[in-house]
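Step one of this worksheet: look at the structure below.
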Amino acid sequence: MVMKRREFIKGSAIVGATLAGSKLVAESGIQSFSSSRKVHRIIQADRTKVGTLPILRAFAGDHTDYVSPYVLLDEFGPVALDKGADPLRVDAHPHAGVSPTTYFLKGTGHHKDSLNYDFEIGQGDFMMFNSGKGAIHMEESGQQLYEEGGEYHGFQIWLNMPAEYKLIDPTTTVNRTDDFGLLESDQYKVKIMLGELLGQKSSVKTFADAFYYHVILKENGKITIPTNPQHNAMVYSISGDAELNEQKKLDRNQIALFERGNSDILLYSKCGAELLVLGGLPLDERVYSYGPFVMNNEEQIRQCIQNYNSGKMGNPDLVNL
């Protein structure tokens, strides 16, 4: 069934996750120093669905003071698909004023939008949908999963667009392995999706000043990640468990938000862990969000709704084909 335009707008409110208690561990011997960031709070991601896609939602439109320039973090899957199973799908829907990014850990996805892009993305790929003044896209599991079956797993994370870029023409970009920085040692592997770390950097361009690292800690692995003290920073646990600053424990599917003012994020895992480390310069701008629209005032939101309902962002029926 095709989702009608007004039905989508009415049912599109985004909601965040729940607080989790901080646990202390004393396994690693790592100690916090004056340069170490303090943990603000730890949040447990909530299970929900978008379309037919099961997701874990860590935050969505809340905790702005600590997550900006990001506004939403969803982990989709992991979910196993049988050969020939119906695709997991999010029907055509609009965005404006925000850059949804999609990163695949496993499996393949199919993206189609009102900008005439229609393509498959797969493991390790990173897509950015800079929606600007508004566009529509559809997302579903990919053709290879339909033909062969397998696991579908990744992230959709929204990066806010600064006010000066809210009304630019929308664009879609896909980035592959050569676009990312890479750090490797006997204790960790870090893929740098956005930003720069320890001399390695991503070539992916963003409108907001942001970083996005995929960190794999090996058994008894440690890493110290320096950040700009004026930037926000957070750590999300994909698998395993990790010890953070102040010997606080981060369990799977939890996110730690850090205070600003200091630099270093300390990470350790006894048995190994897979993490995302995200952050950037917080946008010192008012945020008005209404479902898929993230703008700076109510008038802009109303204009987005009008533009969508009048077809100026594209035709969802055509994108759904």
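Every chain in the structure tokens has a letter given in the order shown (A, B, ...), and although residue numbers restart at 1 in each chain, ligands are simply numbered from 1 in the order shown.
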
List as a Markdown table every residue of range 266-295 of chain A that is in contact with range 225-228 of chain A, defined as an atom at most 12 Å from one of its atoms (using only C-alpha atoms), together with the nearest atom pair and the distance in Å rounded to one decimal, sorted by chain and then rising number.
```
| residue | atom | partner | partner_atom | distance |
| --- | --- | --- | --- | --- |
| A:Leu266 | CA | A:Ile225 | CA | 6.5 |
| A:Leu267 | CA | A:Ile225 | CA | 8.0 |
| A:Tyr268 | CA | A:Ile225 | CA | 11.3 |
| A:Leu276 | CA | A:Ile225 | CA | 11.9 |
| A:Val277 | CA | A:Ile225 | CA | 9.0 |
| A:Leu278 | CA | A:Thr227 | CA | 10.1 |
| A:Gly279 | CA | A:Thr227 | CA | 8.8 |
| A:Gly280 | CA | A:Asn228 | CA | 8.2 |
| A:Leu281 | CA | A:Asn228 | CA | 8.4 |
| A:Pro282 | CA | A:Asn228 | CA | 11.3 |
```

Taking the chain letters and numbering used in this document, name the residues of range 63-248 of chain A that DSSP puts in strand (DSSP E), as a PyMOL selection string. chain A and resi 70-81+89-95+98-106+108-113+118-122+126-130+135-141+150-160+171-175+181-184+188-194+196-197+200-201+210-217+221-225+232-240+242-243+248

Can you tell me which residues surround Leu81 in chain A at a distance of at most 8 Å, considering only C-alpha atoms, apart from same-chain residues fewer than 2 positions away, and format the answer as a PyMOL selection string? chain A and resi 79+83+85+145-146+149-152

For a quick check of understanding, using only C-alpha atoms, which of A:Leu56, A:Met138, A:Val235, A:Ala96 has the smallest distance to Lys112 in chain A?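 Nearest candidate to Lys112 in chain A out of A:Leu56, A:Met138, A:Val235, A:Ala96: A:Met138.
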
Can you check which residues of range 51-136 of chain A DSSP gives as helix (DSSP H, G or I) on the backbone and send them as a PyMOL selection string? chain A and resi 64-67

Rows by chain and residue number, range 59-141 of chain A within 12 Å of range 247-265 of chain A, shortest pair, only C-alpha atoms, as a Markdown table:
```
| residue | atom | partner | partner_atom | distance |
| --- | --- | --- | --- | --- |
| A:Phe59 | CA | A:Ile255 | CA | 8.9 |
| A:His63 | CA | A:Leu257 | CA | 8.9 |
| A:Thr64 | CA | A:Leu257 | CA | 10.7 |
| A:Asp65 | CA | A:Glu259 | CA | 9.6 |
| A:Tyr66 | CA | A:Leu257 | CA | 6.4 |
| A:Val67 | CA | A:Leu257 | CA | 7.4 |
| A:Ser68 | CA | A:Leu257 | CA | 11.0 |
| A:Leu73 | CA | A:Ile255 | CA | 9.8 |
| A:Asp74 | CA | A:Asn253 | CA | 10.4 |
| A:Glu75 | CA | A:Asn253 | CA | 8.7 |
| A:Phe76 | CA | A:Asn253 | CA | 11.5 |
| A:Gly77 | CA | A:Asn253 | CA | 11.5 |
| A:Pro78 | CA | A:Asn253 | CA | 11.7 |
```

Between A:Gly291, A:Pro87, A:Pro100, A:Pro316, which is the closest to Leu115 in chain A once you count only C-alpha atoms?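 That would be A:Pro316, the residue with the smallest distance to Leu115 in chain A.
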
Which neighbours of Thr173 in chain A fall inside 9 Å, counting only C-alpha atoms, when residues of the same chain fewer than 3 positions from it are skipped, and could you give them as a ChimeraX atom specification? /A:126-130

Could you write those residues out with C-alpha atoms, as an mmCIF file, in the first residue's frame?
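What landed in part-v2.cif:
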```cif
data_model
loop_
_atom_site.group_PDB
_atom_site.id
_atom_site.type_symbol
_atom_site.label_atom_id
_atom_site.label_comp_id
_atom_site.auth_asym_id
_atom_site.auth_seq_id
_atom_site.Cartn_x
_atom_site.Cartn_y
_atom_site.Cartn_z
ATOM 1 C CA PHE A 126 28.365 5.382 2.986
ATOM 2 C CA MET A 127 25.567 7.430 1.426
ATOM 3 C CA MET A 128 24.672 11.044 2.174
ATOM 4 C CA PHE A 129 21.296 12.492 1.164
ATOM 5 C CA ASN A 130 21.725 16.269 1.499
#
```

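You will find CA of Val90 in chain A at 29.3 Å from CA of Glu164 in chain A.
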
Find the spatial neighbours of Leu167 in chain A, counting only C-alpha atoms, within a cut-off of 12 Å - ignore same-chain residues fewer than 3 positions away - and output them as a PyMOL selection string. chain A and resi 95-98+130-135+161-164+170-171+293-296+300-301+303-304

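By chain and then residue number, the residues within 10 Å of Gln200 in chain A are Phe180, Gly181, Leu182, Leu183, Val190, Lys191, Ile192, Gly195 and Glu196 of chain A, counting only C-alpha atoms and disregarding those fewer than 4 positions away in sequence.
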
The selected residues should be written to file as a CSV table (one decimal), in the first residue's frame (atoms: C-alpha atoms).
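In the end it all went to again.csv:
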```csv
chain,number,residue,atom,x,y,z
A,180,PHE,CA,37.7,6.9,4.1
A,181,GLY,CA,40.7,7.2,6.4
A,182,LEU,CA,42.0,4.1,8.1
A,183,LEU,CA,44.0,3.5,11.3
A,190,VAL,CA,39.3,2.7,13.0
A,191,LYS,CA,37.5,3.6,9.8
A,192,ILE,CA,37.1,7.4,9.5
A,195,GLY,CA,36.5,14.1,9.8
A,196,GLU,CA,40.1,13.4,10.7
```

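CA of Ala242 in chain A to CA of Arg37 in chain A spans 15.7 Å [interatomic distance, one decimal].
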
Kindly indicate which residue among A:Ser36, A:Asn320, A:Gln187, A:Ser289 lies nearest to Glu139 in chain A, using only C-alpha atoms for the distances.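 Smallest distance to Glu139 in chain A is found for A:Asn320.
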
Smallest atom-to-atom distance to Ile136 in chain A: which of A:Leu318, A:Met313, A:Cys271, A:Ile121, using only C-alpha atoms?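 The answer is A:Met313, which sits nearest to Ile136 in chain A.
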
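The smallest atom-to-atom distance between Gln44 in chain A and any of A:Asn309, A:Thr101, A:Ser237, A:Asn297, using only C-alpha atoms, is found for A:Ser237.
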